[in-house]
Amino acid sequence: MAQMERDYLSNFPTLSLPAAFSQPIYPKTMLRTLLSTIRRGPIIHQLRTPVLVSAIARPVRAFASTTTPLQEAPNDKRGEKVHFLGATSSYFVYEMKFIQNMEPIPTYRVMDQNGHVKVQQDELEVSKEMAVKIYKDMVTLNMMDLILYEAQRQGRISFYMTNYGEEAYMGSAAALQPEDVIFGQYREAGVLLYRGFTLDEFMNQCYSNEGDIGKGRQMPVHYGSKKHNFQTISSPLGTQIPQAAGAAYALKRAGRKNCVMCYFGEGAASEGDFHAALNMAATTKCPVIFFCHVTYDPYVTFFRSISRNNGFAISTPVIDQYKGDGIASRGIGYGIDTIRVDGNDVWAVYNATVAARKLAVEENRPVLIEAMTYRIGHHSTSDDSTKYRDRKEVERRELDNPITRLRKWLEVKGWWGEAEEGALRTDRKKEIMRSFNAAEKRKKPAVMELFTDVYDKLPPNLVEQQRELNELMEKYPEHYSTEAYAKGK
Amino acid sequence: MRLATTLFTSALRAASRNSSVASIAGRIVGQQAQSRAYVSSSSPPPAEGFMPGVMTSKLIKRTAEEALRNPELANTGAANGETRKMNLFQAVNDAMAIALATDETAVIFGEDVAFGGVFRCTTGLAETFGRDRVFNTPLTEQGIAGFGIGMASVGHTAIAEIQFADYIFPAFDQIVNEAAKYRYRSGGIFNVGGLTLRSPCSAVGHGAHYHSQSPEAYFAHTPGIKVVIPRGPIQAKGLLLASIRDRNPVVFFEPKILYRSAVEQVPVGDYELPLGKAEIVKKGKDVTVVGWGSQMYVLENAIQMAEKRIPGLSCELIDLRSILPWDAETIAASVNRTGRLVVAHEAPRTQGFAAEIAAEITQRCFLRLEAPVQRVCGWDTPFPLVFEKFYMPDIIRCFEGIKKVVEY
Ligand SMILES: Cc1ncc(C[n+]2csc(CCOP(=O)(O)OP(=O)(O)O)c2C)c(N)n1
Ligand SMILES: [Mg+2]
């Protein structure tokens with residue numbers, strides 16, 4: 001038998017060769033033909049793909065593989081077993097049945113709404129230092145959002161996206177290593193904040209001034225920071241998801257013990273790129289964590305900051321977005337370890353990410369985390385959310401917000417109180433306003449930055465166009481006023 | 001706002017009982033716009049930005065007489081004479097309402113369209129025509145385009161919205177490899193002529209890379225589809241109805257900066273304007289100036305400036321309207337008279353559609369040309385947020401282009 005066939009069949013760990021060939025649907029010749037069409041090398045490891053179930057309940061300690069190795073159990077009570085290429089472990093039945101629903105996917109929690117821990121003591125191991133840092137960053141993020149959102153409404157910056165109600169993803173930032181690479185959508189400012197991106201850096205980006213790392217070319221909130229391993233945000237939805245898989249594959253090849261973290265919303269998960277990404281990550285065994293913020297709102301998927309005040313109103317109800325059991329069900333379909341967490345519970349997010357990171361880095365298994373959050377819409381002056389939501393429901397949910405839930409937990413621990421809270425808010429407000437005012441006063445980047453970075457070096461067409469613009473600016477200084485712009489090349 | 005919306009929907013319901021649906025949809029949208037204008041004094045600038053030249057433009061038809069003087073409207077449903085004040089999004093809305101009212105198989109879909117769409121173009125249509133005819137799709141442009149192709153392949157009329165032209169690229173394969181080749185590859189037995197893809201395009205003042213692009217040239221390189229860009233409400237309504245009913249797939253780009261800023265007396269009737277035909281919007285004898293979409297207002301101003309500064313100069317301004325197939329004949333005839341051509345568009349210069357026009361006109365009019373064809377375009381860079389005013393083919397640059405061909 002050809003070496004390739006043997007390699008191939010050795011991927012069926014418990015399946016002996018004669019057994020495989022005794023299956024009537026696999027005549028030797030057919031298998032050979034099939035094999036010869038499959039690419040060379042160690043292939044289809046995916047046949048060992050786990051069907052993750054129990055990892056959901058106890059992620060920290062009990063996330064070990066739940067893969068059921070293919071057993072020699074030819075005729076179990078469900079029917080005669082059959083091994084199709086590309087189907088994990090099937091069996092024949094003589095009753096026709098369409099499958100619509102699997103068991104509902106549970107939602108993992110560590111604390112209840114009052115901040116009381118409901119898991120085993122040893123399932124939440126966090127230091128006071130880390131917990132307080134997470135809390136402070138969540139509060140800072142929220143305060144920064146309030147100010148920049150208002151600034152956008154006043155027309156001082158051109159655009160903004162808030163993180164309202166999703167702040168618990170700070171737990172995922174805390175669970176990663178600084179060298180883990182981030183691919184975000186646009187609501188991940190908190191990850192940068194956690195990694196040490198400064199308030200000045202945020203404000204400079206939102207004001208598109210000369211201090212903006214991105215040279216004022218992109219809309220506000222399109223942050224990026226090499227120092228913080230945070231790839232620059234791009235507006236087209238979903239594009240970062242397959243990129244994250246590719247970056248993870250590269251990290252794996254480089255032998256780095258790091259993973260890639262990829263954030264996106266449930267809307268973006270409708271893009272083809274999402275599906276391509278999960279499938280590629282699974283088949284090529286990428287150390288990547290896909291983190292989906294599901295803004296679990298019974299009526300409105302996207303209806304926030306940018307929506308009301310400047311005419312961009314984007315609002316597709318979840319029921320028009322997808323029909324399955326969340327985004328999590330798709331992860332399972334692609335053979336990816338998957339968990340759904342309460343996205344208002346920072347410790348659930350933290351624990352799940354710690355476990356996911358271990359699977360990704362130690363076993364090269366991609367993971368999907370689905371964080372269910374409820375979007376609180378009353379931070380805007382808009383009354384529109386009442387059109388879509390039942391007021392009681394909103395009020396009930398507003399009591400549960402990731403920040404207040406963590407604060408309750410800290411208070412129960414005795415690690416936080418009124419005094420700390422007051423001091424934090426006063427200090428942060430001062431710092432944010434100082435950065436905000438400073439950023440507003442700074443010049444825009446130098447005009448000739450318009451032409452740089454299109455390529456590594458300016459090609460002749462751009463050299464020529466740059467010259468043309470320079471001449472125009474000299475000829476019509478009143479029309480092309482550069483007063484608001486920095487001097488320079 | 002909430003009250004206004006409630007009034008709006010109940011008015012729609014009441015109205016649809018006793019009058020022609022199409023005209024009502026238009027009127028209601030008008031009310032909606034008024035209520036928005038009312039609140040806008042305390043609101044920041046509109047998302048689609050301001051287009052200063054439009055308010056005073058001679059290209060805008062402010063009275064019914066002006067609107068109906070257009071010979072292209074003779075013998076159309078516009079001829080009965082009734083017009084109504086509409087901005088561009090209302091005109092688009094009105095066209096779609098007519099399309100739905102006159103074609104049982106017509107449907108509208110896209111991201112967030114059920115409640116009116118980000119630019120309000122589908123406002124009220126779901127309420128009037130039902131949720132099965134005007135519906136939200138999941139967030140997938142390739143899905144939207146493919147779905148539309150499928151509907152059209154079995155004879156239905158699919159009017160799909162891509163939320164921003166910048167986000168049409170996931171659908172590129174469906175448009176370029178599928179829609180465009182559907183007829184040809186089947187030997188003519190199948191076609192997807194019932195497909196129209198609408199999408200807001202071009203600069204708005206603060207859109208940066210991904211809310212500003214003008215991708216018409218990518219599609220102009222694709223035999224089998226048509227590409228259309230209107231310059232104002234009257235044009236938008238007539239060209240969109242023609243696109244929807246045309247028996248070829250059409251990509252219809254709407255300059256989003258004009259959605260609110262361009263307001264005209266639009267004929268309320270059912271009328272179409274011709275695809276594949278340019279329109280001479282200002283006669284002149286020395287320079288032919290060609291553009292489309294919102295660039296038309298920049299060019300109008302540049303011409304004014306040129307005619308003021310260069311005594312005796314007279315420029316001809318042509319709105320290309322259809323990018324594919326394009327009306328080389330009208331442009332060539334004009335250039336044969338003027339001997340000079342300037343073409344302007346926002347998209348980057350290299351491989352922009354101006355390049356095609358320049359090549360074709362140089363071939364057709366070589367002996368008549370007094371100067372090389374001038375292209376005034378965006379630079380060969382991505383669309384930059386904070387440098388937008390330096391990137392744009394603005395009045396000064398278009399004026400300089402005209403001056404160059406005159407002084408050559
Ligand atoms: C390819 C593409 N299509 C459309 C848009 C316009 N758009 C911006 S945000 C958004 C909704 C995104 O929803 P989701 O992914 O759930 O993220 P959320 O904002 O809810 O966090 C849409 C449609 C886009 N940015 N990119
Ligand atoms: Mg969402």
# chains A, B, ... in the order shown; residues from 1 in each chain; ligands from 1
>>> residues_around(residues="range 247-257 of chain A", least_positions_apart="3", cutoff="8 Å", atoms="only C-alpha atoms", output="list in words")
Gln243, Ala244, Val260, Thr284, Lys285, Cys286, Pro287, Val288, Val361, Glu362 and Asn364 of chain A
>>> residues_around(residues="Glu216 in chain B", least_positions_apart="3", cutoff="10 Å", atoms="only C-alpha atoms", output="list of chain:residue names")
B:Ala165, B:Cys201, B:Ser202, B:Gln213, B:Phe219, B:Ala220, B:His221, B:Val227, B:Val228, B:Ile229, B:Val251, B:Phe252, B:Phe253, B:Ile323, B:Leu324, B:Ala347, B:Gly352, B:Phe353
>>> closest_residue(among="A:Arg330, A:Lys429, A:Arg153, A:Arg467", to="Phe451 in chain A", atoms="only C-alpha atoms")
A:Arg467
>>> residues_around(residues="range 77-89 of chain B", least_positions_apart="6", cutoff="10 Å", atoms="only C-alpha atoms", output="JSON, numbers by chain")
{"B": [23, 26, 27, 29, 30, 33, 61, 62, 63, 64, 65, 67, 68, 69, 70, 71, 95, 119, 120, 121, 122, 123, 230, 231, 232, 233, 234, 235, 236, 237, 238, 254, 255, 256, 257, 258, 259, 260, 261, 262, 263, 264, 265, 266, 267, 268, 269, 270, 271, 272]}
>>> write_last_selection(atoms="N, CA and C atoms", output="compact mmCIF listing (two decimals), in the first residue's frame")
# COMPACT_ATOMS: atom_id res chain seq x y z
N SER B 23 -47.48 57.71 -4.93
CA SER B 23 -47.41 59.13 -4.65
C SER B 23 -47.50 59.37 -3.14
N GLY B 26 -44.19 58.98 -1.36
CA GLY B 26 -43.39 60.17 -1.55
C GLY B 26 -43.81 61.29 -0.62
N ARG B 27 -45.11 61.52 -0.50
CA ARG B 27 -45.58 62.61 0.32
C ARG B 27 -45.20 62.37 1.79
N VAL B 29 -42.80 60.61 2.99
CA VAL B 29 -41.37 60.81 3.20
C VAL B 29 -41.08 62.29 3.34
N GLY B 30 -41.80 63.09 2.57
CA GLY B 30 -41.66 64.53 2.68
C GLY B 30 -41.94 65.01 4.10
N ALA B 33 -39.19 64.16 6.38
CA ALA B 33 -38.04 65.03 6.20
C ALA B 33 -38.26 66.34 6.93
N LYS B 61 -33.47 71.95 -10.50
CA LYS B 61 -34.73 72.48 -11.03
C LYS B 61 -35.67 72.82 -9.86
N ARG B 62 -35.85 74.13 -9.67
CA ARG B 62 -36.58 74.55 -8.47
C ARG B 62 -38.06 74.77 -8.72
N THR B 63 -38.47 74.81 -9.98
CA THR B 63 -39.90 74.99 -10.25
C THR B 63 -40.37 73.86 -11.17
N ALA B 64 -41.68 73.67 -11.19
CA ALA B 64 -42.25 72.62 -12.03
C ALA B 64 -41.93 72.89 -13.50
N GLU B 65 -42.01 74.18 -13.91
CA GLU B 65 -41.75 74.51 -15.31
C GLU B 65 -40.33 74.11 -15.71
N ALA B 67 -38.45 71.94 -14.26
CA ALA B 67 -38.30 70.49 -14.21
C ALA B 67 -38.84 69.84 -15.48
N LEU B 68 -39.97 70.36 -15.96
CA LEU B 68 -40.65 69.70 -17.07
C LEU B 68 -40.18 70.17 -18.44
N ARG B 69 -39.32 71.18 -18.45
CA ARG B 69 -38.81 71.67 -19.72
C ARG B 69 -37.90 70.62 -20.39
N ASN B 70 -37.48 69.66 -19.63
CA ASN B 70 -36.58 68.60 -20.11
C ASN B 70 -37.22 67.77 -21.22
N PRO B 71 -36.65 67.80 -22.44
CA PRO B 71 -37.26 67.04 -23.55
C PRO B 71 -37.30 65.53 -23.29
N ALA B 95 -39.09 56.45 -6.53
CA ALA B 95 -38.88 55.54 -7.66
C ALA B 95 -39.14 54.09 -7.22
N PHE B 119 -29.69 55.79 5.15
CA PHE B 119 -29.92 57.11 4.56
C PHE B 119 -31.40 57.37 4.25
N ARG B 120 -32.26 56.58 4.84
CA ARG B 120 -33.71 56.79 4.78
C ARG B 120 -34.33 56.52 3.40
N CYS B 121 -33.59 55.89 2.53
CA CYS B 121 -34.10 55.71 1.17
C CYS B 121 -35.30 54.76 1.11
N THR B 122 -35.41 53.84 2.05
CA THR B 122 -36.52 52.88 2.01
C THR B 122 -37.59 53.20 3.06
N THR B 123 -37.54 54.39 3.60
CA THR B 123 -38.50 54.79 4.63
C THR B 123 -39.94 54.55 4.18
N PRO B 230 -26.54 59.15 -10.70
CA PRO B 230 -27.35 60.36 -10.95
C PRO B 230 -26.74 61.59 -10.27
N ARG B 231 -27.10 62.77 -10.76
CA ARG B 231 -26.56 64.01 -10.18
C ARG B 231 -27.58 64.73 -9.30
N GLY B 232 -28.84 64.30 -9.32
CA GLY B 232 -29.85 65.01 -8.54
C GLY B 232 -31.14 64.22 -8.48
N PRO B 233 -32.14 64.75 -7.76
CA PRO B 233 -33.39 64.00 -7.53
C PRO B 233 -34.15 63.61 -8.81
N ILE B 234 -34.32 64.54 -9.75
CA ILE B 234 -35.09 64.22 -10.96
C ILE B 234 -34.41 63.10 -11.73
N GLN B 235 -33.09 63.26 -11.87
CA GLN B 235 -32.30 62.25 -12.55
C GLN B 235 -32.35 60.92 -11.80
N ALA B 236 -32.23 61.00 -10.49
CA ALA B 236 -32.18 59.77 -9.69
C ALA B 236 -33.45 58.95 -9.87
N LYS B 237 -34.58 59.63 -9.84
CA LYS B 237 -35.84 58.90 -9.96
C LYS B 237 -35.96 58.26 -11.33
N GLY B 238 -35.72 59.03 -12.38
CA GLY B 238 -35.89 58.51 -13.74
C GLY B 238 -34.87 57.45 -14.10
N GLU B 254 -25.37 56.11 -5.70
CA GLU B 254 -26.02 57.37 -5.32
C GLU B 254 -25.05 58.21 -4.50
N PRO B 255 -24.65 59.38 -5.01
CA PRO B 255 -23.72 60.22 -4.23
C PRO B 255 -24.41 60.65 -2.93
N LYS B 256 -23.92 60.12 -1.82
CA LYS B 256 -24.68 60.29 -0.58
C LYS B 256 -24.70 61.72 -0.08
N ILE B 257 -23.74 62.52 -0.53
CA ILE B 257 -23.73 63.92 -0.09
C ILE B 257 -24.93 64.67 -0.66
N LEU B 258 -25.53 64.11 -1.70
CA LEU B 258 -26.69 64.78 -2.32
C LEU B 258 -28.03 64.35 -1.72
N TYR B 259 -28.02 63.32 -0.89
CA TYR B 259 -29.29 62.79 -0.39
C TYR B 259 -30.21 63.87 0.15
N ARG B 260 -29.64 64.78 0.94
CA ARG B 260 -30.46 65.86 1.50
C ARG B 260 -30.18 67.20 0.86
N SER B 261 -28.94 67.38 0.38
CA SER B 261 -28.60 68.72 -0.08
C SER B 261 -29.19 69.03 -1.46
N ALA B 262 -29.45 68.00 -2.27
CA ALA B 262 -30.03 68.26 -3.60
C ALA B 262 -31.54 68.14 -3.51
N VAL B 263 -32.24 69.26 -3.73
CA VAL B 263 -33.70 69.28 -3.62
C VAL B 263 -34.27 69.87 -4.91
N GLU B 264 -35.20 69.15 -5.52
CA GLU B 264 -35.78 69.64 -6.78
C GLU B 264 -37.29 69.42 -6.78
N GLN B 265 -37.94 70.04 -7.74
CA GLN B 265 -39.33 69.72 -8.03
C GLN B 265 -39.30 68.48 -8.92
N VAL B 266 -39.69 67.36 -8.34
CA VAL B 266 -39.58 66.09 -9.07
C VAL B 266 -40.96 65.68 -9.58
N PRO B 267 -41.08 65.34 -10.86
CA PRO B 267 -42.37 64.88 -11.36
C PRO B 267 -42.88 63.69 -10.55
N VAL B 268 -44.14 63.71 -10.18
CA VAL B 268 -44.66 62.63 -9.33
C VAL B 268 -44.99 61.38 -10.13
N GLY B 269 -45.12 61.54 -11.45
CA GLY B 269 -45.53 60.41 -12.28
C GLY B 269 -44.45 59.35 -12.42
N ASP B 270 -44.83 58.34 -13.21
CA ASP B 270 -43.94 57.22 -13.47
C ASP B 270 -43.15 57.54 -14.74
N TYR B 271 -41.88 57.83 -14.61
CA TYR B 271 -41.09 58.17 -15.81
C TYR B 271 -39.70 57.54 -15.73
N GLU B 272 -39.11 57.32 -16.89
CA GLU B 272 -37.75 56.80 -16.95
C GLU B 272 -36.87 57.74 -17.76
>>> residues_around(residues="range 399-406 of chain A", least_positions_apart="3", cutoff="12 Å", atoms="only C-alpha atoms", output="PyMOL selection string")
chain A and resi 110-117+131-143+163-171+342-349+371-377+392-396+409-413+415-416+421
